[in-house]
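Here's the structure we're looking at; comments come further down.
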Amino acid sequence: VNPGRWRDGDVQGSGTVYDLGVHFMDQALTLFGLPDTITADIRIQREGGIADDYFDIGLGYADGLKVSLRSSLLIREPGPRYVVHGTEGSYVKYGVDPQERAL
């Protein structure tokens, strides 16, 4: 925990949700549109933490689609970047899209 860093501080707009979660949410809304329901579990997991460092946000859609947006600063090994499950199979993407550097 480093309160000198903006994302760890006790200021408006700090924390993992505002740092990373807004980008996840933007991607989900762009891909799937506005959800019918939203649930969120936002926490401070690190001892002495001031700003949130964990979130699990669920977006629910009328057609049965469920989108889960998650992040935690306590995860040791990175997991898949995207996981999509459907009736015809699954798509799992690890790592960063190589096109991101070109942007």
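Naming scheme: A, B, ... for chains in displayed order of the structure tokens; residues 1 onward per chain; ligands 1 onward as shown.
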request  = Using only C-alpha atoms, determine which residues lie at most 9 Å from Val17 in chain A, disregarding the query and same-chain residues fewer than 6 positions distant; provide the list as a list in words.
outcome  = His23, Ile42, Asp52, Asp53, Tyr54, Phe55 and Ser71 of chain A
task = Apply DSSP to the backbone of this structure and, from range 5-100 of chain A, keep only the residues in alpha helix (DSSP H); write these as a ChimeraX atom specification.
result = /A:16,22-32,99-100
message = I want to know what sits within 12 Å of range 85-100 of chain A, based on only C-alpha atoms, with residues of the same chain fewer than 5 positions away left out; could you give that as a ChimeraX atom specification?
response = /A:64-68,77-80
request  = Give me every strand (DSSP E) residue in range 3-47 of chain A, going by DSSP on the backbone, as a list of chain:residue names.
outcome  = A:Thr37, A:Ile38, A:Thr39, A:Ala40, A:Asp41, A:Ile42, A:Arg43
inquiry  = Excluding range 57-62 of chain A and its own-chain neighbours fewer than 6 positions away, which residues fall within 7 Å of it when counting only C-alpha atoms? Please give them as JSON, numbers by chain.
reply    = {"A": [35, 36, 37, 38, 39, 40, 41, 68, 69, 70]}
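Using only C-alpha atoms, the shortest contact distance between Gly9 in chain A and any of A:Ala51, A:Val83, A:Ala102, A:Ile44 is found at A:Ala51.
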